[in-house]
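Quick look at data24.csv (CSV, C-alpha atoms):
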```csv
chain,number,residue,atom,x,y,z
A,97,MET,CA,11.9,1.8,33.4
A,98,ASN,CA,14.5,-0.9,33.3
A,99,LYS,CA,15.1,-3.3,30.4
A,100,GLU,CA,13.4,-6.3,32.0
A,101,ALA,CA,10.2,-4.3,32.8
A,102,LEU,CA,10.1,-3.0,29.2
A,103,ILE,CA,10.4,-6.6,27.9
A,104,MET,CA,7.6,-7.7,30.1
A,105,GLN,CA,5.4,-4.9,28.8
A,106,ILE,CA,6.4,-5.8,25.2
A,107,LYS,CA,5.4,-9.4,25.7
A,108,GLU,CA,2.1,-8.3,27.2
A,109,LYS,CA,1.4,-6.2,24.1
A,110,ALA,CA,2.4,-9.1,21.9
A,111,LYS,CA,-0.3,-11.2,23.5
A,112,GLN,CA,-2.8,-8.4,22.7
A,113,ASP,CA,-1.5,-8.2,19.2
A,114,GLU,CA,-2.2,-11.9,18.8
A,115,ASN,CA,-5.9,-11.4,19.8
A,116,LYS,CA,-6.1,-8.4,17.4
A,117,ARG,CA,-4.9,-10.6,14.5
A,118,ARG,CA,-8.0,-12.7,15.0
A,119,ASP,CA,-10.3,-9.7,14.8
A,120,ARG,CA,-12.8,-9.6,12.0
A,121,ARG,CA,-11.8,-6.1,10.9
A,122,PHE,CA,-8.2,-7.3,10.4
A,123,LEU,CA,-9.0,-10.6,8.7
A,124,GLU,CA,-11.5,-9.0,6.3
A,125,THR,CA,-9.1,-6.1,5.4
A,126,MET,CA,-6.1,-8.4,4.9
A,127,GLY,CA,-8.2,-11.0,3.1
A,128,PHE,CA,-9.2,-8.4,0.6
A,129,LEU,CA,-5.9,-6.7,0.1
A,130,VAL,CA,-4.0,-10.0,-0.2
A,131,ALA,CA,-6.5,-11.4,-2.6
A,132,LYS,CA,-6.1,-8.3,-4.8
A,133,GLY,CA,-2.3,-8.4,-4.7
A,134,PHE,CA,-1.7,-5.3,-2.6
A,135,LEU,CA,-0.1,-7.1,0.3
A,136,LYS,CA,1.6,-10.4,1.0
A,137,THR,CA,1.5,-12.3,4.3
A,138,ASN,CA,2.6,-15.5,5.9
A,139,LEU,CA,-0.5,-15.4,8.1
A,140,GLU,CA,-3.5,-17.6,7.3
A,141,VAL,CA,-6.1,-15.2,6.1
A,142,PRO,CA,-9.3,-16.0,4.1
A,143,LEU,CA,-9.0,-14.6,0.6
A,144,LEU,CA,-11.9,-12.2,0.0
A,145,PRO,CA,-11.5,-10.6,-3.5
A,146,ASN,CA,-15.2,-9.6,-3.7
A,147,LYS,CA,-15.5,-8.2,-0.2
A,148,ARG,CA,-16.8,-4.7,0.3
A,149,LEU,CA,-14.9,-3.1,3.2
A,150,ARG,CA,-15.7,-0.4,5.7
A,151,VAL,CA,-13.0,2.2,5.6
A,152,ASP,CA,-13.2,2.5,9.4
A,153,ASP,CA,-12.4,-1.2,9.7
A,154,ALA,CA,-9.4,-0.9,7.4
A,155,ILE,CA,-8.1,2.1,9.4
A,156,TRP,CA,-8.5,0.2,12.7
A,157,ALA,CA,-6.6,-2.8,11.3
A,158,GLY,CA,-3.8,-0.5,10.0
A,159,LEU,CA,-3.5,1.3,13.3
A,160,ASN,CA,-3.8,-1.7,15.6
A,161,VAL,CA,-2.4,-4.7,13.7
A,162,GLU,CA,-0.7,-4.2,10.3
A,163,PRO,CA,0.7,-0.7,9.5
A,164,ARG,CA,1.2,-1.7,5.8
A,165,ILE,CA,-2.6,-1.5,5.5
A,166,LEU,CA,-2.4,2.3,6.0
A,167,GLU,CA,0.3,2.5,3.3
A,168,VAL,CA,-1.7,0.8,0.6
A,169,LEU,CA,-5.2,1.9,1.6
A,170,PRO,CA,-5.4,5.2,-0.4
A,171,ALA,CA,-4.2,3.5,-3.6
A,172,ALA,CA,-6.6,0.6,-3.0
A,173,VAL,CA,-9.5,3.0,-2.5
A,174,LEU,CA,-8.5,4.9,-5.7
A,175,ARG,CA,-8.2,1.8,-7.8
A,176,LEU,CA,-11.0,-0.4,-6.3
A,177,LYS,CA,-13.4,2.3,-5.3
A,178,SER,CA,-16.5,0.2,-5.4
A,179,HIS,CA,-15.1,-2.1,-2.7
A,180,PHE,CA,-14.9,0.7,-0.1
A,181,ASP,CA,-17.4,3.0,1.6
A,182,ALA,CA,-15.1,6.0,1.5
A,183,ASP,CA,-17.1,9.1,2.5
A,184,PRO,CA,-15.8,12.6,1.7
A,185,VAL,CA,-17.1,13.9,5.1
A,186,ALA,CA,-16.3,11.0,7.4
A,187,HIS,CA,-13.0,10.1,5.7
A,188,LYS,CA,-11.8,13.6,4.8
A,189,ASP,CA,-8.1,12.8,5.1
A,190,LEU,CA,-8.3,9.6,3.1
A,191,VAL,CA,-10.3,11.2,0.3
A,192,GLN,CA,-7.8,14.1,0.1
A,193,VAL,CA,-4.9,11.7,-0.4
A,194,VAL,CA,-6.9,9.7,-2.9
A,195,ASP,CA,-7.6,12.8,-4.9
A,196,GLN,CA,-3.9,13.7,-4.9
A,197,LEU,CA,-3.1,10.3,-6.2
A,198,ARG,CA,-5.8,10.6,-8.9
A,199,ARG,CA,-4.3,13.9,-10.0
A,200,ARG,CA,-0.8,12.2,-10.0
A,201,GLU,CA,0.5,15.0,-7.8
A,202,GLU,CA,4.2,14.6,-6.9
A,203,ILE,CA,3.8,16.0,-3.3
A,204,GLY,CA,0.9,15.2,-1.1
A,205,GLU,CA,-0.4,14.7,2.4
A,206,ALA,CA,0.7,12.0,4.7
A,207,PHE,CA,-2.0,9.5,5.8
A,208,TYR,CA,-1.9,8.5,9.5
A,209,GLY,CA,1.9,9.2,9.5
A,210,MET,CA,2.6,7.3,6.3
A,211,PRO,CA,4.5,9.6,3.9
A,212,TYR,CA,2.8,10.4,0.6
A,213,ALA,CA,5.9,9.3,-1.3
A,214,LYS,CA,5.4,5.8,0.1
A,215,ILE,CA,1.7,5.8,-0.5
A,216,LYS,CA,2.2,6.9,-4.1
A,217,ILE,CA,4.1,3.8,-5.1
A,218,TRP,CA,1.0,1.6,-4.7
A,219,ALA,CA,-1.0,3.6,-7.2
A,220,ASP,CA,1.2,2.1,-10.0
A,221,LEU,CA,1.6,-1.4,-8.6
A,222,PRO,CA,0.6,-4.0,-11.2
A,223,LEU,CA,-2.2,-6.1,-9.6
A,224,CYS,CA,-3.2,-9.7,-10.1
A,225,ASP,CA,-6.4,-8.5,-11.8
A,226,THR,CA,-5.0,-7.0,-15.0
A,227,ARG,CA,-8.3,-5.2,-15.7
A,228,VAL,CA,-7.3,-2.8,-12.8
A,229,LYS,CA,-4.8,-0.6,-14.5
A,230,PRO,CA,-2.0,1.2,-12.7
A,231,ILE,CA,-2.8,4.9,-12.4
A,232,SER,CA,0.0,5.9,-14.7
A,233,LYS,CA,-1.4,3.7,-17.4
A,234,LYS,CA,-5.0,4.8,-17.1
A,235,LYS,CA,-6.4,6.6,-20.1
A,236,VAL,CA,-7.5,10.1,-19.6
A,237,ALA,CA,-10.5,11.5,-21.5
A,238,LYS,CA,-9.7,14.6,-23.6
A,239,THR,CA,-12.0,16.5,-26.0
A,240,PHE,CA,-10.8,18.1,-29.3
A,241,ARG,CA,-12.6,20.1,-31.9
A,242,LEU,CA,-11.2,18.8,-35.2
A,243,ASP,CA,-11.5,20.1,-38.7
A,244,PRO,CA,-14.0,17.9,-40.6
A,245,PHE,CA,-11.4,17.0,-43.2
A,246,ALA,CA,-8.9,16.0,-40.5
A,247,LEU,CA,-11.6,14.0,-38.8
A,248,GLU,CA,-12.4,12.2,-42.1
A,249,CYS,CA,-8.6,11.4,-42.5
A,250,LEU,CA,-8.5,10.1,-38.9
A,251,LYS,CA,-11.5,7.8,-39.5
A,252,LYS,CA,-10.1,6.4,-42.8
A,253,ALA,CA,-6.7,5.8,-41.2
A,254,ALA,CA,-8.3,3.9,-38.3
A,255,GLN,CA,-10.4,1.8,-40.7
A,256,LYS,CA,-7.3,1.1,-42.9
A,257,LYS,CA,-5.2,0.0,-40.0
A,258,GLY,CA,-8.0,-1.8,-38.2
A,259,CYS,CA,-7.5,0.1,-34.9
A,260,THR,CA,-9.2,2.9,-33.0
A,261,GLU,CA,-8.9,6.6,-33.8
A,262,THR,CA,-7.3,7.1,-30.5
A,263,ASP,CA,-4.6,4.5,-31.4
A,264,ILE,CA,-3.8,6.5,-34.6
A,265,LEU,CA,-3.5,9.8,-32.7
A,266,GLU,CA,-1.3,8.2,-30.0
A,267,LYS,CA,1.0,6.6,-32.6
A,268,LEU,CA,1.4,10.0,-34.4
A,269,LEU,CA,2.1,11.8,-31.2
A,270,VAL,CA,4.7,9.2,-30.1
A,271,GLN,CA,6.3,9.5,-33.6
A,272,THR,CA,6.7,13.2,-33.2
A,273,GLN,CA,8.6,12.6,-29.9
A,274,THR,CA,11.1,10.1,-31.4
B,197,MET,CA,24.3,-6.5,-12.9
B,198,VAL,CA,22.3,-7.0,-9.7
B,199,ILE,CA,24.1,-7.7,-6.4
B,200,VAL,CA,22.0,-9.6,-3.9
B,201,GLU,CA,23.1,-9.7,-0.3
B,202,ALA,CA,21.3,-12.0,2.2
B,203,ILE,CA,21.3,-11.2,5.9
B,204,ASP,CA,20.2,-13.4,8.8
B,205,PRO,CA,16.6,-12.9,10.2
B,206,GLU,CA,17.8,-11.3,13.5
B,207,SER,CA,19.9,-8.7,11.6
B,208,ALA,CA,16.8,-7.9,9.5
B,209,LEU,CA,14.7,-7.4,12.6
B,210,VAL,CA,17.4,-5.2,14.2
B,211,SER,CA,17.4,-3.0,11.1
B,212,LYS,CA,13.6,-2.7,11.1
B,213,ALA,CA,13.5,-2.0,14.8
B,214,VAL,CA,16.1,0.8,14.5
B,215,LYS,CA,15.2,2.4,11.2
B,216,ALA,CA,11.3,2.1,11.2
B,217,PRO,CA,10.1,1.2,14.7
B,218,GLN,CA,6.6,2.6,14.3
B,219,LYS,CA,5.9,0.6,11.1
B,220,ASN,CA,7.4,-2.6,12.4
B,221,LYS,CA,6.1,-2.3,16.0
B,222,GLN,CA,4.0,-5.5,15.9
B,223,LEU,CA,6.6,-7.5,14.1
B,224,ILE,CA,9.3,-6.6,16.7
B,225,ARG,CA,7.0,-7.3,19.6
B,226,GLU,CA,6.2,-10.7,18.2
B,227,ALA,CA,9.9,-11.5,17.6
B,228,ILE,CA,10.8,-10.4,21.2
B,229,ALA,CA,7.9,-12.4,22.7
B,230,SER,CA,8.8,-15.5,20.7
B,231,GLU,CA,12.3,-15.6,22.4
B,232,GLU,CA,13.7,-17.1,19.2
B,233,PHE,CA,16.2,-14.3,18.8
B,234,PRO,CA,18.3,-14.3,22.1
B,235,THR,CA,20.4,-11.3,21.3
B,236,LEU,CA,17.7,-9.2,19.5
B,237,VAL,CA,17.0,-6.9,22.4
B,238,ASP,CA,20.7,-6.2,23.1
B,239,ARG,CA,21.4,-5.6,19.4
B,240,ILE,CA,18.5,-3.2,19.1
B,241,LEU,CA,19.8,-1.2,22.1
B,242,GLU,CA,23.5,-1.3,20.8
B,243,ASN,CA,22.4,0.1,17.5
B,244,GLY,CA,20.5,3.1,18.9
B,245,GLY,CA,17.0,1.6,19.0
B,246,ARG,CA,14.6,2.2,22.0
B,247,LEU,CA,12.5,-0.5,23.6
B,248,GLU,CA,9.9,2.2,24.5
B,249,ASN,CA,9.0,2.4,20.8
B,250,PHE,CA,7.5,-1.1,21.1
B,251,ILE,CA,5.1,-0.5,24.0
```
Represent the supplied structure as structure tokens.
Amino acid sequence: MNKEALIMQIKEKAKQDENKRRDRRFLETMGFLVAKGFLKTNLEVPLLPNKRLRVDDAIWAGLNVEPRILEVLPAAVLRLKSHFDADPVAHKDLVQVVDQLRRREEIGEAFYGMPYAKIKIWADLPLCDTRVKPISKKKVAKTFRLDPFALECLKKAAQKKGCTETDILEKLLVQTQT
Amino acid sequence: MVIVEAIDPESALVSKAVKAPQKNKQLIREAIASEEFPTLVDRILENGGRLENFI
């Protein structure tokens, strides 16, 4: 196919793209991701920070309009789980990548051609809503069986310093590393 | 010290079209269709890009 014919086809596709940018699935997905600080755009999209999204809609928007959606989607699902209807059976690939991000694995699966290394970056992106912590800053629950005397010392130290017992342990551990 | 280099929009589009055509498919299509960048297509081809990637 010659250059002119290719350009004609590209222009035709560009017209289709324009229609797709007006699709509800794209506007809702972008509206949510932009409102939450995952993406930036110069398009006029309604900001929808409280929207609950269908994963299938977000994937459609990523495949058909804005590929960056596919890059941020696993991290968005991990960090803002209640806003998505991710299903372990219907969205097996997505859930697998989300689990790898949660476990902070260095190497993981690509998602619709997006390499894991690129997807991983978004798990630690600071968001506008500071209540949503980056994955690397999220506290991890850990259980210890402590000697009663050590436990008493820990409680007293926390009361004396006016902080939590976890803070005392964290500070002591950091001190041993420096 | 941070060195910041600015490039013109057409060069940025050429770079995106050649290095990551799949990710920037819609953007390049929009740029070509707008006809605001008269040498964009030629520069993409000169730099090893393929127009077939944008169909």
Which residues of chain A sit at most 12 Å from chain B, using all atoms listed in the file? Give each one's shortest atom pair and distance in Å (one decimal place), in chain and ascending residue order, as CSV.
```
residue,atom,partner,partner_atom,distance
A:Met97,CA,B:Glu248,CA,9.1
A:Asn98,CA,B:Leu247,CA,9.9
A:Lys99,CA,B:Leu247,CA,7.8
A:Glu100,CA,B:Leu247,CA,10.2
A:Ala101,CA,B:Leu247,CA,10.2
A:Leu102,CA,B:Leu247,CA,6.6
A:Ile103,CA,B:Ile228,CA,7.7
A:Met104,CA,B:Ala229,CA,8.8
A:Gln105,CA,B:Ile251,CA,6.5
A:Ile106,CA,B:Ile251,CA,5.6
A:Lys107,CA,B:Ala229,CA,4.9
A:Glu108,CA,B:Ala229,CA,8.4
A:Lys109,CA,B:Ile251,CA,6.8
A:Ala110,CA,B:Arg225,CA,5.4
A:Lys111,CA,B:Ala229,CA,8.3
A:Gln112,CA,B:Gln222,CA,10.0
A:Asp113,CA,B:Gln222,CA,7.0
A:Glu114,CA,B:Glu226,CA,8.5
A:Lys116,CA,B:Gln222,CA,10.6
A:Arg117,CA,B:Gln222,CA,10.4
A:Ala157,CA,B:Gln222,CA,11.9
A:Gly158,CA,B:Lys219,CA,9.8
A:Leu159,CA,B:Lys219,CA,9.7
A:Asn160,CA,B:Gln222,CA,8.7
A:Val161,CA,B:Gln222,CA,6.8
A:Glu162,CA,B:Gln222,CA,7.4
A:Pro163,CA,B:Lys219,CA,5.6
A:Arg164,CA,B:Lys219,CA,7.4
A:Ile165,CA,B:Lys219,CA,10.4
A:Leu166,CA,B:Lys219,CA,9.9
A:Glu167,CA,B:Lys219,CA,9.8
A:Tyr208,CA,B:Lys219,CA,11.2
A:Gly209,CA,B:Gln218,CA,9.4
A:Met210,CA,B:Lys219,CA,8.9
A:Pro211,CA,B:Lys219,CA,11.6
```
Counting all atoms listed in the file, what is within 7 Å of range 199-210 of chain B, bar same-chain residues fewer than 5 positions away, as a ChimeraX atom specification? /B:224,233,236,239-240
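Here CA of His179 in chain A stands at a distance of 10.8 Å from CA of Thr125 in chain A.
Interatomic distance, CA of Asp195 in chain A to CA of Ile215 in chain A: 12.4 Å.
From CA of Glu261 in chain A back to CA of Lys238 in chain A, the distance works out to 13.0 Å.
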Which residues are close to Leu135 in chain A, i.e. within 10 Å by only C-alpha atoms, leaving aside same-chain residues fewer than 5 positions away? Reply as a PyMOL selection string. chain A and resi 126-130+164-165+168
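The smallest atom-to-atom distance between Ala171 in chain A and any of A:Leu144, A:Ala253, A:Ile217, A:Leu123, using only C-alpha atoms, is found for A:Ile217.
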Near-Gly133 in chain A list (9 Å; only C-alpha atoms; drop same-chain fewer than 5 positions) as a PyMOL selection string: chain A and resi 128+221-225
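Candidate residues A:Arg120, A:Arg199, A:Lys214, A:Lys177 were compared for distance to Trp156 in chain A, and the nearest is A:Arg120, using all atoms listed in the file.
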How would range 207-245 of chain B of the given structure read as a file with N, CA and C atoms, as a CSV table (one decimal), in the first residue's frame?
```
chain,number,residue,atom,x,y,z
B,207,SER,N,9.0,17.0,16.7
B,207,SER,CA,10.0,16.1,17.0
B,207,SER,C,9.6,15.1,18.1
B,208,ALA,N,8.9,15.6,19.1
B,208,ALA,CA,8.3,14.7,20.2
B,208,ALA,C,7.4,13.7,19.6
B,209,LEU,N,6.6,14.1,18.6
B,209,LEU,CA,5.7,13.1,18.0
B,209,LEU,C,6.4,12.1,17.2
B,210,VAL,N,7.5,12.5,16.5
B,210,VAL,CA,8.3,11.6,15.7
B,210,VAL,C,8.9,10.6,16.6
B,211,SER,N,9.5,11.0,17.7
B,211,SER,CA,10.1,10.1,18.7
B,211,SER,C,9.1,9.1,19.2
B,212,LYS,N,7.9,9.6,19.6
B,212,LYS,CA,6.8,8.7,20.1
B,212,LYS,C,6.4,7.7,19.0
B,213,ALA,N,6.3,8.2,17.8
B,213,ALA,CA,5.9,7.3,16.6
B,213,ALA,C,6.9,6.2,16.3
B,214,VAL,N,8.1,6.5,16.5
B,214,VAL,CA,9.2,5.6,16.2
B,214,VAL,C,9.5,4.6,17.3
B,215,LYS,N,9.5,5.2,18.5
B,215,LYS,CA,9.9,4.4,19.7
B,215,LYS,C,8.8,3.6,20.3
B,216,ALA,N,7.6,4.1,20.4
B,216,ALA,CA,6.5,3.4,21.0
B,216,ALA,C,5.2,3.6,20.2
B,217,PRO,N,5.2,3.1,19.0
B,217,PRO,CA,4.0,3.3,18.1
B,217,PRO,C,2.7,2.8,18.7
B,218,GLN,N,2.8,1.6,19.3
B,218,GLN,CA,1.5,1.0,19.8
B,218,GLN,C,0.9,1.8,20.9
B,219,LYS,N,1.7,2.3,21.8
B,219,LYS,CA,1.2,3.1,22.9
B,219,LYS,C,0.7,4.5,22.5
B,220,ASN,N,1.3,5.0,21.4
B,220,ASN,CA,0.9,6.3,21.0
B,220,ASN,C,0.1,6.4,19.7
B,221,LYS,N,-0.5,5.2,19.4
B,221,LYS,CA,-1.2,5.1,18.1
B,221,LYS,C,-2.2,6.2,17.9
B,222,GLN,N,-3.1,6.4,18.9
B,222,GLN,CA,-4.2,7.4,18.7
B,222,GLN,C,-3.6,8.8,18.6
B,223,LEU,N,-2.6,9.1,19.4
B,223,LEU,CA,-2.0,10.4,19.4
B,223,LEU,C,-1.4,10.7,18.0
B,224,ILE,N,-0.7,9.8,17.4
B,224,ILE,CA,-0.1,10.0,16.1
B,224,ILE,C,-1.2,10.1,15.0
B,225,ARG,N,-2.2,9.3,15.1
B,225,ARG,CA,-3.3,9.4,14.1
B,225,ARG,C,-3.9,10.8,14.2
B,226,GLU,N,-4.1,11.3,15.4
B,226,GLU,CA,-4.8,12.6,15.6
B,226,GLU,C,-3.8,13.7,15.0
B,227,ALA,N,-2.5,13.5,15.2
B,227,ALA,CA,-1.6,14.5,14.7
B,227,ALA,C,-1.5,14.5,13.2
B,228,ILE,N,-1.5,13.3,12.6
B,228,ILE,CA,-1.5,13.2,11.2
B,228,ILE,C,-2.7,13.8,10.6
B,229,ALA,N,-3.9,13.4,11.1
B,229,ALA,CA,-5.2,13.9,10.6
B,229,ALA,C,-5.3,15.4,10.8
B,230,SER,N,-4.7,16.0,11.8
B,230,SER,CA,-4.9,17.4,12.0
B,230,SER,C,-4.2,18.3,10.9
B,231,GLU,N,-3.2,17.7,10.3
B,231,GLU,CA,-2.4,18.3,9.2
B,231,GLU,C,-1.7,19.6,9.8
B,232,GLU,N,-1.5,19.6,11.1
B,232,GLU,CA,-0.7,20.7,11.7
B,232,GLU,C,0.8,20.5,11.6
B,233,PHE,N,1.2,19.3,11.3
B,233,PHE,CA,2.6,19.0,11.2
B,233,PHE,C,3.0,18.5,9.8
B,234,PRO,N,3.3,19.4,8.9
B,234,PRO,CA,3.4,19.1,7.5
B,234,PRO,C,4.5,18.1,7.2
B,235,THR,N,5.6,18.0,8.0
B,235,THR,CA,6.6,17.0,7.7
B,235,THR,C,6.6,15.8,8.6
B,236,LEU,N,5.6,15.7,9.4
B,236,LEU,CA,5.5,14.6,10.4
B,236,LEU,C,5.7,13.2,9.7
B,237,VAL,N,4.8,13.0,8.7
B,237,VAL,CA,4.8,11.6,8.1
B,237,VAL,C,6.2,11.3,7.5
B,238,ASP,N,6.8,12.3,6.8
B,238,ASP,CA,8.1,12.0,6.2
B,238,ASP,C,9.2,11.8,7.2
B,239,ARG,N,9.1,12.5,8.3
B,239,ARG,CA,10.1,12.3,9.4
B,239,ARG,C,10.0,11.0,10.1
B,240,ILE,N,8.7,10.5,10.3
B,240,ILE,CA,8.5,9.2,10.9
B,240,ILE,C,9.2,8.2,10.0
B,241,LEU,N,8.9,8.3,8.7
B,241,LEU,CA,9.5,7.3,7.7
B,241,LEU,C,11.0,7.4,7.7
B,242,GLU,N,11.5,8.6,7.6
B,242,GLU,CA,13.0,8.8,7.6
B,242,GLU,C,13.7,8.1,8.8
B,243,ASN,N,13.0,8.2,9.9
B,243,ASN,CA,13.6,7.7,11.2
B,243,ASN,C,13.3,6.2,11.5
B,244,GLY,N,12.8,5.5,10.5
B,244,GLY,CA,12.6,4.1,10.7
B,244,GLY,C,11.2,3.7,11.2
B,245,GLY,N,10.3,4.6,11.3
B,245,GLY,CA,8.9,4.3,11.7
B,245,GLY,C,8.1,3.7,10.5
```
